[in-house]
file coords.cif (mmCIF, N, CA and C atoms)
data_input
loop_
_atom_site.label_atom_id
_atom_site.label_comp_id
_atom_site.auth_asym_id
_atom_site.auth_seq_id
_atom_site.Cartn_x
_atom_site.Cartn_y
_atom_site.Cartn_z
N MET A 28 132.63 112.38 152.58
CA MET A 28 131.24 112.55 152.97
C MET A 28 130.99 114.03 153.26
N ASP A 29 129.84 114.53 152.87
CA ASP A 29 129.47 115.91 153.14
C ASP A 29 129.25 116.13 154.63
N GLU A 30 129.56 117.35 155.07
CA GLU A 30 129.32 117.66 156.48
C GLU A 30 127.84 117.90 156.72
N THR A 31 127.39 117.64 157.93
CA THR A 31 126.00 117.89 158.28
C THR A 31 125.83 119.37 158.59
N LEU A 32 124.59 119.81 158.71
CA LEU A 32 124.30 121.19 159.07
C LEU A 32 124.93 121.53 160.42
N LEU A 33 124.85 120.61 161.38
CA LEU A 33 125.41 120.88 162.71
C LEU A 33 126.94 120.89 162.68
N ASP A 34 127.55 120.06 161.83
CA ASP A 34 129.00 120.13 161.63
C ASP A 34 129.38 121.50 161.08
N ALA A 35 128.56 122.00 160.15
CA ALA A 35 128.83 123.31 159.55
C ALA A 35 128.71 124.42 160.59
N VAL A 36 127.77 124.31 161.52
CA VAL A 36 127.63 125.30 162.59
C VAL A 36 128.93 125.37 163.39
N THR A 37 129.41 124.22 163.82
CA THR A 37 130.64 124.15 164.61
C THR A 37 131.82 124.73 163.83
N ARG A 38 131.95 124.37 162.58
CA ARG A 38 133.05 124.87 161.74
C ARG A 38 132.95 126.37 161.53
N GLU A 39 131.77 126.85 161.16
CA GLU A 39 131.58 128.28 160.88
C GLU A 39 131.84 129.14 162.12
N VAL A 40 131.36 128.71 163.27
CA VAL A 40 131.60 129.48 164.50
C VAL A 40 133.10 129.60 164.74
N PHE A 41 133.82 128.50 164.60
CA PHE A 41 135.26 128.55 164.82
C PHE A 41 135.96 129.43 163.78
N GLU A 42 135.61 129.24 162.49
CA GLU A 42 136.27 130.01 161.44
C GLU A 42 136.01 131.51 161.58
N GLU A 43 134.80 131.88 161.98
CA GLU A 43 134.44 133.30 162.02
C GLU A 43 134.74 133.98 163.35
N THR A 44 134.92 133.20 164.44
CA THR A 44 135.11 133.82 165.75
C THR A 44 136.28 133.25 166.56
N GLY A 45 136.79 132.08 166.16
CA GLY A 45 137.82 131.43 166.95
C GLY A 45 137.28 130.70 168.16
N LEU A 46 135.96 130.70 168.35
CA LEU A 46 135.34 130.03 169.49
C LEU A 46 135.01 128.58 169.14
N ARG A 47 135.21 127.69 170.10
CA ARG A 47 134.93 126.27 169.89
C ARG A 47 133.58 125.90 170.50
N VAL A 48 132.68 125.44 169.65
CA VAL A 48 131.35 125.02 170.10
C VAL A 48 131.47 123.73 170.89
N THR A 49 130.88 123.72 172.08
CA THR A 49 130.86 122.51 172.89
C THR A 49 129.50 121.83 172.86
N ARG A 50 128.46 122.62 172.54
CA ARG A 50 127.12 122.05 172.49
C ARG A 50 126.21 122.94 171.66
N ILE A 51 125.41 122.33 170.80
CA ILE A 51 124.40 123.05 170.04
C ILE A 51 123.08 122.86 170.77
N LEU A 52 122.49 123.97 171.20
CA LEU A 52 121.30 123.92 172.04
C LEU A 52 120.00 123.88 171.24
N GLY A 53 120.01 124.40 170.03
CA GLY A 53 118.81 124.39 169.21
C GLY A 53 118.80 125.55 168.25
N ALA A 54 117.79 125.55 167.39
CA ALA A 54 117.67 126.59 166.37
C ALA A 54 116.96 127.81 166.93
N VAL A 55 117.38 128.97 166.45
CA VAL A 55 116.68 130.22 166.77
C VAL A 55 115.49 130.31 165.82
N LYS A 56 114.33 130.55 166.37
CA LYS A 56 113.16 130.81 165.54
C LYS A 56 113.13 132.30 165.25
N GLY A 57 113.08 132.63 163.99
CA GLY A 57 113.12 134.02 163.58
C GLY A 57 111.86 134.79 163.89
N PRO A 58 111.82 136.05 163.51
CA PRO A 58 110.68 136.91 163.80
C PRO A 58 109.38 136.43 163.16
N ASP A 59 109.50 135.64 162.10
CA ASP A 59 108.30 135.11 161.46
C ASP A 59 107.93 133.72 161.98
N GLY A 60 108.67 133.24 162.98
CA GLY A 60 108.40 131.92 163.56
C GLY A 60 109.11 130.78 162.86
N GLU A 61 109.76 131.08 161.74
CA GLU A 61 110.50 130.04 161.01
C GLU A 61 111.90 129.91 161.59
N GLY A 62 112.55 128.79 161.31
CA GLY A 62 113.89 128.55 161.80
C GLY A 62 114.97 128.91 160.81
N TRP A 63 114.62 129.66 159.77
CA TRP A 63 115.61 130.06 158.77
C TRP A 63 115.20 131.37 158.13
N GLN A 64 116.16 131.94 157.43
CA GLN A 64 115.93 133.14 156.63
C GLN A 64 116.29 132.78 155.20
N GLU A 65 115.40 133.04 154.27
CA GLU A 65 115.67 132.72 152.88
C GLU A 65 115.94 134.01 152.12
N PHE A 66 116.97 133.99 151.26
CA PHE A 66 117.28 135.17 150.47
C PHE A 66 117.92 134.75 149.16
N GLU A 67 117.90 135.66 148.22
CA GLU A 67 118.45 135.41 146.89
C GLU A 67 119.85 135.99 146.81
N GLY A 68 120.75 135.27 146.16
CA GLY A 68 122.12 135.74 145.99
C GLY A 68 122.19 137.00 145.14
N ARG A 69 123.31 137.68 145.19
CA ARG A 69 123.48 138.95 144.47
C ARG A 69 123.86 138.75 143.01
N ARG A 70 124.56 137.67 142.70
CA ARG A 70 125.08 137.47 141.34
C ARG A 70 124.37 136.31 140.64
N ILE A 71 124.33 136.42 139.33
CA ILE A 71 123.80 135.33 138.51
C ILE A 71 124.84 134.21 138.52
N ASP A 72 124.41 133.00 138.84
CA ASP A 72 125.30 131.85 138.80
C ASP A 72 125.32 131.34 137.36
N PRO A 73 126.50 131.38 136.70
CA PRO A 73 126.55 130.97 135.29
C PRO A 73 126.17 129.51 135.05
N GLN A 74 126.31 128.66 136.06
CA GLN A 74 125.98 127.24 135.90
C GLN A 74 124.47 127.01 135.81
N ILE A 75 123.69 127.87 136.49
CA ILE A 75 122.24 127.65 136.48
C ILE A 75 121.48 128.78 135.79
N GLY A 76 122.19 129.86 135.42
CA GLY A 76 121.58 130.95 134.68
C GLY A 76 120.65 131.85 135.48
N ARG A 77 120.74 131.79 136.79
CA ARG A 77 119.92 132.65 137.65
C ARG A 77 120.63 132.82 138.99
N ARG A 78 120.04 133.64 139.83
CA ARG A 78 120.60 133.81 141.18
C ARG A 78 120.25 132.59 142.02
N ARG A 79 121.19 132.22 142.85
CA ARG A 79 120.93 131.11 143.78
C ARG A 79 120.06 131.60 144.94
N VAL A 80 119.27 130.71 145.49
CA VAL A 80 118.48 131.01 146.69
C VAL A 80 119.18 130.33 147.86
N TYR A 81 119.34 131.08 148.95
CA TYR A 81 120.04 130.58 150.13
C TYR A 81 119.10 130.57 151.32
N ARG A 82 119.40 129.70 152.26
CA ARG A 82 118.73 129.71 153.55
C ARG A 82 119.79 129.87 154.62
N LYS A 83 119.54 130.81 155.51
CA LYS A 83 120.47 131.04 156.62
C LYS A 83 119.80 130.56 157.90
N PHE A 84 120.52 129.72 158.64
CA PHE A 84 120.04 129.19 159.90
C PHE A 84 120.83 129.83 161.04
N ASN A 85 120.19 130.04 162.16
CA ASN A 85 120.85 130.58 163.35
C ASN A 85 120.62 129.60 164.50
N PHE A 86 121.64 129.40 165.31
CA PHE A 86 121.56 128.43 166.40
C PHE A 86 122.02 129.04 167.71
N PHE A 87 121.45 128.52 168.79
CA PHE A 87 121.95 128.79 170.13
C PHE A 87 123.04 127.75 170.38
N VAL A 88 124.23 128.21 170.82
CA VAL A 88 125.31 127.28 171.09
C VAL A 88 125.99 127.64 172.40
N GLU A 89 126.67 126.67 172.96
CA GLU A 89 127.59 126.93 174.07
C GLU A 89 128.99 126.75 173.49
N VAL A 90 129.92 127.58 173.97
CA VAL A 90 131.30 127.49 173.51
C VAL A 90 132.22 127.36 174.71
N GLU A 91 133.43 126.88 174.46
CA GLU A 91 134.40 126.74 175.54
C GLU A 91 134.56 128.07 176.27
N GLY A 92 134.41 128.04 177.59
CA GLY A 92 134.62 129.23 178.41
C GLY A 92 133.45 130.17 178.48
N LEU A 93 132.33 129.83 177.86
CA LEU A 93 131.19 130.74 177.85
C LEU A 93 129.90 129.94 177.82
N SER A 94 129.01 130.21 178.76
CA SER A 94 127.70 129.56 178.75
C SER A 94 126.71 130.45 179.47
N GLY A 95 125.46 130.26 179.18
CA GLY A 95 124.42 131.05 179.84
C GLY A 95 124.34 132.46 179.28
N VAL A 96 123.52 133.27 179.94
CA VAL A 96 123.33 134.67 179.53
C VAL A 96 123.51 135.57 180.74
N ASP A 97 123.81 136.83 180.47
CA ASP A 97 123.92 137.85 181.51
C ASP A 97 124.97 137.52 182.57
N ASN A 98 126.11 136.98 182.17
CA ASN A 98 127.17 136.64 183.10
C ASN A 98 128.42 137.45 182.72
N ASP A 99 128.64 138.56 183.45
CA ASP A 99 129.74 139.47 183.12
C ASP A 99 131.11 138.82 183.19
N GLU A 100 131.31 137.89 184.10
CA GLU A 100 132.62 137.26 184.23
C GLU A 100 133.01 136.51 182.97
N GLU A 101 132.03 135.96 182.27
CA GLU A 101 132.32 135.16 181.09
C GLU A 101 132.47 136.00 179.83
N ARG A 102 132.34 137.31 179.93
CA ARG A 102 132.50 138.17 178.76
C ARG A 102 133.97 138.35 178.39
N GLU A 103 134.87 137.73 179.12
CA GLU A 103 136.30 137.86 178.87
C GLU A 103 136.81 136.82 177.88
N VAL A 104 135.95 136.03 177.28
CA VAL A 104 136.35 135.02 176.30
C VAL A 104 136.99 135.73 175.11
N GLN A 105 138.09 135.19 174.60
CA GLN A 105 138.82 135.80 173.49
C GLN A 105 138.15 135.45 172.16
N VAL A 106 137.63 136.46 171.48
CA VAL A 106 137.02 136.29 170.17
C VAL A 106 137.99 136.80 169.12
N LYS A 107 138.21 136.00 168.08
CA LYS A 107 139.11 136.38 166.98
C LYS A 107 138.28 136.39 165.70
N LEU A 108 137.80 137.56 165.33
CA LEU A 108 136.94 137.67 164.16
C LEU A 108 137.71 137.44 162.87
N ALA A 109 137.07 136.74 161.95
CA ALA A 109 137.62 136.57 160.60
C ALA A 109 137.49 137.91 159.88
N ASP A 110 138.60 138.47 159.45
CA ASP A 110 138.61 139.80 158.83
C ASP A 110 137.65 139.93 157.66
N GLU A 111 137.55 138.89 156.85
CA GLU A 111 136.71 138.97 155.67
C GLU A 111 135.21 138.76 155.97
N GLU A 112 134.89 138.43 157.20
CA GLU A 112 133.50 138.14 157.57
C GLU A 112 132.86 139.23 158.43
N HIS A 113 133.61 139.78 159.38
CA HIS A 113 133.03 140.69 160.37
C HIS A 113 134.01 141.82 160.70
N ILE A 114 133.45 142.94 161.19
CA ILE A 114 134.32 144.04 161.59
C ILE A 114 134.30 144.28 163.09
N GLU A 115 133.24 143.86 163.77
CA GLU A 115 133.20 144.00 165.23
C GLU A 115 132.12 143.11 165.82
N TYR A 116 132.17 142.95 167.12
CA TYR A 116 131.15 142.21 167.86
C TYR A 116 131.00 142.86 169.22
N SER A 117 129.95 142.49 169.92
CA SER A 117 129.82 142.90 171.32
C SER A 117 128.91 141.92 172.03
N TRP A 118 129.16 141.74 173.31
CA TRP A 118 128.28 140.95 174.16
C TRP A 118 127.26 141.92 174.75
N VAL A 119 126.01 141.62 174.62
CA VAL A 119 124.98 142.52 175.15
C VAL A 119 123.91 141.72 175.87
N THR A 120 123.29 142.39 176.83
CA THR A 120 122.12 141.83 177.49
C THR A 120 120.88 142.26 176.71
N ARG A 121 119.76 141.72 177.07
CA ARG A 121 118.50 142.10 176.41
C ARG A 121 118.26 143.60 176.57
N ASP A 122 118.55 144.14 177.75
CA ASP A 122 118.34 145.57 178.00
C ASP A 122 119.29 146.44 177.17
N GLU A 123 120.48 145.94 176.88
CA GLU A 123 121.46 146.71 176.10
C GLU A 123 121.20 146.64 174.59
N LEU A 124 120.36 145.74 174.17
CA LEU A 124 120.10 145.52 172.74
C LEU A 124 119.60 146.77 172.05
N ALA A 125 118.82 147.59 172.74
CA ALA A 125 118.27 148.81 172.14
C ALA A 125 119.36 149.77 171.68
N GLY A 126 120.52 149.72 172.29
CA GLY A 126 121.61 150.63 171.94
C GLY A 126 122.54 150.11 170.86
N VAL A 127 122.27 148.93 170.34
CA VAL A 127 123.14 148.32 169.33
C VAL A 127 122.79 148.88 167.95
N GLU A 128 123.83 149.23 167.19
CA GLU A 128 123.64 149.67 165.81
C GLU A 128 123.86 148.47 164.89
N PHE A 129 122.80 147.98 164.29
CA PHE A 129 122.86 146.79 163.45
C PHE A 129 123.21 147.18 162.01
N THR A 130 123.77 146.22 161.28
CA THR A 130 124.11 146.47 159.88
C THR A 130 122.93 146.25 158.94
N GLY A 131 121.85 145.73 159.45
CA GLY A 131 120.66 145.52 158.63
C GLY A 131 119.45 145.25 159.49
N VAL A 132 118.28 145.55 158.94
CA VAL A 132 117.02 145.35 159.67
C VAL A 132 116.81 143.89 160.01
N TRP A 133 117.12 143.00 159.04
CA TRP A 133 116.91 141.58 159.29
C TRP A 133 117.74 141.08 160.46
N MET A 134 118.98 141.60 160.61
CA MET A 134 119.84 141.17 161.71
C MET A 134 119.26 141.60 163.06
N GLU A 135 118.75 142.81 163.12
CA GLU A 135 118.12 143.30 164.34
C GLU A 135 116.89 142.47 164.70
N ARG A 136 116.07 142.16 163.71
CA ARG A 136 114.87 141.36 163.96
C ARG A 136 115.22 139.97 164.49
N TRP A 137 116.27 139.35 163.92
CA TRP A 137 116.68 138.02 164.38
C TRP A 137 117.28 138.08 165.79
N ALA A 138 118.06 139.11 166.09
CA ALA A 138 118.64 139.24 167.44
C ALA A 138 117.52 139.40 168.47
N ARG A 139 116.55 140.24 168.17
CA ARG A 139 115.42 140.42 169.10
C ARG A 139 114.64 139.12 169.27
N ALA A 140 114.42 138.41 168.18
CA ALA A 140 113.70 137.14 168.25
C ALA A 140 114.46 136.14 169.11
N ALA A 141 115.80 136.10 168.98
CA ALA A 141 116.61 135.18 169.77
C ALA A 141 116.49 135.50 171.26
N PHE A 142 116.58 136.79 171.61
CA PHE A 142 116.44 137.17 173.02
C PHE A 142 115.06 136.79 173.55
N GLU A 143 114.04 137.03 172.77
CA GLU A 143 112.68 136.69 173.21
C GLU A 143 112.57 135.18 173.44
N GLN A 144 113.16 134.40 172.56
CA GLN A 144 113.11 132.95 172.71
C GLN A 144 113.83 132.50 173.97
N VAL A 145 114.97 133.11 174.27
CA VAL A 145 115.73 132.75 175.48
C VAL A 145 114.93 133.12 176.72
N TYR A 146 114.40 134.33 176.77
CA TYR A 146 113.73 134.79 177.98
C TYR A 146 112.34 134.19 178.16
N MET A 147 111.72 133.72 177.08
CA MET A 147 110.44 133.03 177.20
C MET A 147 110.61 131.65 177.81
N SER A 148 111.81 131.07 177.67
CA SER A 148 112.04 129.72 178.19
C SER A 148 112.37 129.72 179.68
N ASP A 149 112.58 130.91 180.26
CA ASP A 149 112.90 130.99 181.70
C ASP A 149 111.69 130.69 182.56
#
call {"tool": "encode", "arguments": {"input": "coords.cif", "output": "structure tokens"}}
result
Amino acid sequence: MDETLLDAVTREVFEETGLRVTRILGAVKGPDGEGWQEFEGRRIDPQIGRRRVYRKFNFFVEVEGLSGVDNDEEREVQVKLADEEHIEYSWVTRDELAGVEFTGVWMERWARAAFEQVYMSD
């Protein structure tokens, strides 16, 4: 049986960070208000004769040993990045976000949207 989207979230978080998801809290609404980002693949897929279109979803999750926001004590969780996926990470507060160097404009826009969504719910 195929895995569900939420099963994939749990698997991807573990594969890319070594963190175990204990609860999925909900989807991040992006800067355009949608819950996904759509983009076209870089290569022509020989099976369909064109580039594939992908949708990327982002979720708020809780992981073992880490929950909530702005809690310095919980920043000691051991993250093991997948070498082929990422080169670094950092835990930041909303105020620290301005000093982060993002790898792309879309990533910065989604991070800001996620923080706004978290702080609007307070």
call {"tool": "resolve_selection", "arguments": {"input": "coords.cif", "expression": "the PyMOL selection byres ((chain A and resi 109) around 6.5)", "output": "short mmCIF file (atom, residue, chain, number, x, y, z; two decimals) with N, CA and C atoms, keeping the file's coordinate frame"}}
result
data_model
loop_
_atom_site.label_atom_id
_atom_site.label_comp_id
_atom_site.auth_asym_id
_atom_site.auth_seq_id
_atom_site.Cartn_x
_atom_site.Cartn_y
_atom_site.Cartn_z
N GLU A 42 135.61 129.24 162.49
CA GLU A 42 136.27 130.01 161.44
C GLU A 42 136.01 131.51 161.58
N GLU A 43 134.80 131.88 161.98
CA GLU A 43 134.44 133.30 162.02
C GLU A 43 134.74 133.98 163.35
N THR A 44 134.92 133.20 164.44
CA THR A 44 135.11 133.82 165.75
C THR A 44 136.28 133.25 166.56
N GLY A 45 136.79 132.08 166.16
CA GLY A 45 137.82 131.43 166.95
C GLY A 45 137.28 130.70 168.16
N LYS A 107 138.21 136.00 168.08
CA LYS A 107 139.11 136.38 166.98
C LYS A 107 138.28 136.39 165.70
N LEU A 108 137.80 137.56 165.33
CA LEU A 108 136.94 137.67 164.16
C LEU A 108 137.71 137.44 162.87
N ASP A 110 138.60 138.47 159.45
CA ASP A 110 138.61 139.80 158.83
C ASP A 110 137.65 139.93 157.66
N GLU A 111 137.55 138.89 156.85
CA GLU A 111 136.71 138.97 155.67
C GLU A 111 135.21 138.76 155.97
N GLU A 112 134.89 138.43 157.20
CA GLU A 112 133.50 138.14 157.57
C GLU A 112 132.86 139.23 158.43
N HIS A 113 133.61 139.78 159.38
CA HIS A 113 133.03 140.69 160.37
C HIS A 113 134.01 141.82 160.70
#
call {"tool": "residues_near_point", "arguments": {"input": "coords.cif", "point": "(122.6, 130.0, 150.5)", "cutoff": "8 Å", "atoms": "all atoms listed in the file", "output": "PyMOL selection string"}}
result
chain A and resi 65-68+79-83
call {"tool": "residues_around", "arguments": {"input": "coords.cif", "residues": "A:Val88", "least_positions_apart": "2", "cutoff": "6 Å", "atoms": "only N, CA and C atoms", "output": "list in words"}}
result
Arg50, Ile51, Leu52, Gly53, Phe86 and Val90 of chain A
call {"tool": "residues_near_point", "arguments": {"input": "coords.cif", "point": "(132.3, 123.1, 169.2)", "cutoff": "6 Å", "atoms": "only N, CA and C atoms", "output": "list in words"}}
result
Thr37, Arg47, Val48, Thr49 and Arg50 of chain A
call {"tool": "write_last_selection", "arguments": {"input": "coords.cif", "atoms": "N, CA and C atoms", "output": "PDB file, keeping the file's coordinate frame"}}
result
ATOM      1  N   THR A  37     129.410 124.220 163.820  1.00  0.00           N
ATOM      2  CA  THR A  37     130.640 124.150 164.610  1.00  0.00           C
ATOM      3  C   THR A  37     131.820 124.730 163.830  1.00  0.00           C
ATOM      4  N   ARG A  47     135.210 127.690 170.100  1.00  0.00           N
ATOM      5  CA  ARG A  47     134.930 126.270 169.890  1.00  0.00           C
ATOM      6  C   ARG A  47     133.580 125.900 170.500  1.00  0.00           C
ATOM      7  N   VAL A  48     132.680 125.440 169.650  1.00  0.00           N
ATOM      8  CA  VAL A  48     131.350 125.020 170.100  1.00  0.00           C
ATOM      9  C   VAL A  48     131.470 123.730 170.890  1.00  0.00           C
ATOM     10  N   THR A  49     130.880 123.720 172.080  1.00  0.00           N
ATOM     11  CA  THR A  49     130.860 122.510 172.890  1.00  0.00           C
ATOM     12  C   THR A  49     129.500 121.830 172.860  1.00  0.00           C
ATOM     13  N   ARG A  50     128.460 122.620 172.540  1.00  0.00           N
ATOM     14  CA  ARG A  50     127.120 122.050 172.490  1.00  0.00           C
ATOM     15  C   ARG A  50     126.210 122.940 171.660  1.00  0.00           C
TER      16      ARG A  50
END
call {"tool": "atom_distance", "arguments": {"input": "coords.cif", "atom1": "atom C of A:Arg121", "atom2": "atom C of A:Phe41"}}
result
26.0 Å
call {"tool": "atom_distance", "arguments": {"input": "coords.cif", "atom1": "atom C of A:Leu33", "atom2": "atom N of A:Met147"}}
result
24.6 Å
call {"tool": "select_by_dssp", "arguments": {"input": "coords.cif", "residues": "chain A", "states": "alpha helix (DSSP H)", "output": "PDB file with N, CA and C atoms, in the coordinates of the input"}}
result
ATOM      1  N   LEU A  32     124.590 119.810 158.710  1.00  0.00           N
ATOM      2  CA  LEU A  32     124.300 121.190 159.070  1.00  0.00           C
ATOM      3  C   LEU A  32     124.930 121.530 160.420  1.00  0.00           C
ATOM      4  N   LEU A  33     124.850 120.610 161.380  1.00  0.00           N
ATOM      5  CA  LEU A  33     125.410 120.880 162.710  1.00  0.00           C
ATOM      6  C   LEU A  33     126.940 120.890 162.680  1.00  0.00           C
ATOM      7  N   ASP A  34     127.550 120.060 161.830  1.00  0.00           N
ATOM      8  CA  ASP A  34     129.000 120.130 161.630  1.00  0.00           C
ATOM      9  C   ASP A  34     129.380 121.500 161.080  1.00  0.00           C
ATOM     10  N   ALA A  35     128.560 122.000 160.150  1.00  0.00           N
ATOM     11  CA  ALA A  35     128.830 123.310 159.550  1.00  0.00           C
ATOM     12  C   ALA A  35     128.710 124.420 160.590  1.00  0.00           C
ATOM     13  N   VAL A  36     127.770 124.310 161.520  1.00  0.00           N
ATOM     14  CA  VAL A  36     127.630 125.300 162.590  1.00  0.00           C
ATOM     15  C   VAL A  36     128.930 125.370 163.390  1.00  0.00           C
ATOM     16  N   THR A  37     129.410 124.220 163.820  1.00  0.00           N
ATOM     17  CA  THR A  37     130.640 124.150 164.610  1.00  0.00           C
ATOM     18  C   THR A  37     131.820 124.730 163.830  1.00  0.00           C
ATOM     19  N   ARG A  38     131.950 124.370 162.580  1.00  0.00           N
ATOM     20  CA  ARG A  38     133.050 124.870 161.740  1.00  0.00           C
ATOM     21  C   ARG A  38     132.950 126.370 161.530  1.00  0.00           C
ATOM     22  N   GLU A  39     131.770 126.850 161.160  1.00  0.00           N
ATOM     23  CA  GLU A  39     131.580 128.280 160.880  1.00  0.00           C
ATOM     24  C   GLU A  39     131.840 129.140 162.120  1.00  0.00           C
ATOM     25  N   VAL A  40     131.360 128.710 163.270  1.00  0.00           N
ATOM     26  CA  VAL A  40     131.600 129.480 164.500  1.00  0.00           C
ATOM     27  C   VAL A  40     133.100 129.600 164.740  1.00  0.00           C
ATOM     28  N   PHE A  41     133.820 128.500 164.600  1.00  0.00           N
ATOM     29  CA  PHE A  41     135.260 128.550 164.820  1.00  0.00           C
ATOM     30  C   PHE A  41     135.960 129.430 163.780  1.00  0.00           C
ATOM     31  N   GLU A  42     135.610 129.240 162.490  1.00  0.00           N
ATOM     32  CA  GLU A  42     136.270 130.010 161.440  1.00  0.00           C
ATOM     33  C   GLU A  42     136.010 131.510 161.580  1.00  0.00           C
ATOM     34  N   GLU A  43     134.800 131.880 161.980  1.00  0.00           N
ATOM     35  CA  GLU A  43     134.440 133.300 162.020  1.00  0.00           C
ATOM     36  C   GLU A  43     134.740 133.980 163.350  1.00  0.00           C
ATOM     37  N   THR A  44     134.920 133.200 164.440  1.00  0.00           N
ATOM     38  CA  THR A  44     135.110 133.820 165.750  1.00  0.00           C
ATOM     39  C   THR A  44     136.280 133.250 166.560  1.00  0.00           C
ATOM     40  N   VAL A 132     118.280 145.550 158.940  1.00  0.00           N
ATOM     41  CA  VAL A 132     117.020 145.350 159.670  1.00  0.00           C
ATOM     42  C   VAL A 132     116.810 143.890 160.010  1.00  0.00           C
ATOM     43  N   TRP A 133     117.120 143.000 159.040  1.00  0.00           N
ATOM     44  CA  TRP A 133     116.910 141.580 159.290  1.00  0.00           C
ATOM     45  C   TRP A 133     117.740 141.080 160.460  1.00  0.00           C
ATOM     46  N   MET A 134     118.980 141.600 160.610  1.00  0.00           N
ATOM     47  CA  MET A 134     119.840 141.170 161.710  1.00  0.00           C
ATOM     48  C   MET A 134     119.260 141.600 163.060  1.00  0.00           C
ATOM     49  N   GLU A 135     118.750 142.810 163.120  1.00  0.00           N
ATOM     50  CA  GLU A 135     118.120 143.300 164.340  1.00  0.00           C
ATOM     51  C   GLU A 135     116.890 142.470 164.700  1.00  0.00           C
ATOM     52  N   ARG A 136     116.070 142.160 163.710  1.00  0.00           N
ATOM     53  CA  ARG A 136     114.870 141.360 163.960  1.00  0.00           C
ATOM     54  C   ARG A 136     115.220 139.970 164.490  1.00  0.00           C
ATOM     55  N   TRP A 137     116.270 139.350 163.920  1.00  0.00           N
ATOM     56  CA  TRP A 137     116.680 138.020 164.380  1.00  0.00           C
ATOM     57  C   TRP A 137     117.280 138.080 165.790  1.00  0.00           C
ATOM     58  N   ALA A 138     118.060 139.110 166.090  1.00  0.00           N
ATOM     59  CA  ALA A 138     118.640 139.240 167.440  1.00  0.00           C
ATOM     60  C   ALA A 138     117.520 139.400 168.470  1.00  0.00           C
ATOM     61  N   ARG A 139     116.550 140.240 168.170  1.00  0.00           N
ATOM     62  CA  ARG A 139     115.420 140.420 169.100  1.00  0.00           C
ATOM     63  C   ARG A 139     114.640 139.120 169.270  1.00  0.00           C
ATOM     64  N   ALA A 140     114.420 138.410 168.180  1.00  0.00           N
ATOM     65  CA  ALA A 140     113.700 137.140 168.250  1.00  0.00           C
ATOM     66  C   ALA A 140     114.460 136.140 169.110  1.00  0.00           C
ATOM     67  N   ALA A 141     115.800 136.100 168.980  1.00  0.00           N
ATOM     68  CA  ALA A 141     116.610 135.180 169.770  1.00  0.00           C
ATOM     69  C   ALA A 141     116.490 135.500 171.260  1.00  0.00           C
ATOM     70  N   PHE A 142     116.580 136.790 171.610  1.00  0.00           N
ATOM     71  CA  PHE A 142     116.440 137.170 173.020  1.00  0.00           C
ATOM     72  C   PHE A 142     115.060 136.790 173.550  1.00  0.00           C
ATOM     73  N   GLU A 143     114.040 137.030 172.770  1.00  0.00           N
ATOM     74  CA  GLU A 143     112.680 136.690 173.210  1.00  0.00           C
ATOM     75  C   GLU A 143     112.570 135.180 173.440  1.00  0.00           C
ATOM     76  N   GLN A 144     113.160 134.400 172.560  1.00  0.00           N
ATOM     77  CA  GLN A 144     113.110 132.950 172.710  1.00  0.00           C
ATOM     78  C   GLN A 144     113.830 132.500 173.970  1.00  0.00           C
ATOM     79  N   VAL A 145     114.970 133.110 174.270  1.00  0.00           N
ATOM     80  CA  VAL A 145     115.730 132.750 175.480  1.00  0.00           C
ATOM     81  C   VAL A 145     114.930 133.120 176.720  1.00  0.00           C
ATOM     82  N   TYR A 146     114.400 134.330 176.770  1.00  0.00           N
ATOM     83  CA  TYR A 146     113.730 134.790 177.980  1.00  0.00           C
ATOM     84  C   TYR A 146     112.340 134.190 178.160  1.00  0.00           C
ATOM     85  N   MET A 147     111.720 133.720 177.080  1.00  0.00           N
ATOM     86  CA  MET A 147     110.440 133.030 177.200  1.00  0.00           C
ATOM     87  C   MET A 147     110.610 131.650 177.810  1.00  0.00           C
TER      88      MET A 147
END
call {"tool": "atom_distance", "arguments": {"input": "coords.cif", "atom1": "atom N of A:Val40", "atom2": "atom CA of A:Glu123"}}
result
24.2 Å
call {"tool": "select_by_dssp", "arguments": {"input": "coords.cif", "residues": "chain A", "states": "strand (DSSP E or B)", "output": "NGL selection string"}}
result
:A and (48-54 or 63-72 or 77-84 or 86-90 or 93)
call {"tool": "residues_around", "arguments": {"input": "coords.cif", "residues": "stretch 124-137 of chain A", "least_positions_apart": "6", "cutoff": "8 Å", "atoms": "all atoms listed in the file", "output": "PDB file with N, CA and C atoms, keeping the file's coordinate frame"}}
result
ATOM      1  N   VAL A  55     117.380 128.970 166.450  1.00  0.00           N
ATOM      2  CA  VAL A  55     116.680 130.220 166.770  1.00  0.00           C
ATOM      3  C   VAL A  55     115.490 130.310 165.820  1.00  0.00           C
ATOM      4  N   LYS A  56     114.330 130.550 166.370  1.00  0.00           N
ATOM      5  CA  LYS A  56     113.160 130.810 165.540  1.00  0.00           C
ATOM      6  C   LYS A  56     113.130 132.300 165.250  1.00  0.00           C
ATOM      7  N   GLY A  57     113.080 132.630 163.990  1.00  0.00           N
ATOM      8  CA  GLY A  57     113.120 134.020 163.580  1.00  0.00           C
ATOM      9  C   GLY A  57     111.860 134.790 163.890  1.00  0.00           C
ATOM     10  N   PRO A  58     111.820 136.050 163.510  1.00  0.00           N
ATOM     11  CA  PRO A  58     110.680 136.910 163.800  1.00  0.00           C
ATOM     12  C   PRO A  58     109.380 136.430 163.160  1.00  0.00           C
ATOM     13  N   ASP A  59     109.500 135.640 162.100  1.00  0.00           N
ATOM     14  CA  ASP A  59     108.300 135.110 161.460  1.00  0.00           C
ATOM     15  C   ASP A  59     107.930 133.720 161.980  1.00  0.00           C
ATOM     16  N   TRP A 118     129.160 141.740 173.310  1.00  0.00           N
ATOM     17  CA  TRP A 118     128.280 140.950 174.160  1.00  0.00           C
ATOM     18  C   TRP A 118     127.260 141.920 174.750  1.00  0.00           C
ATOM     19  N   GLU A 143     114.040 137.030 172.770  1.00  0.00           N
ATOM     20  CA  GLU A 143     112.680 136.690 173.210  1.00  0.00           C
ATOM     21  C   GLU A 143     112.570 135.180 173.440  1.00  0.00           C
TER      22      GLU A 143
END
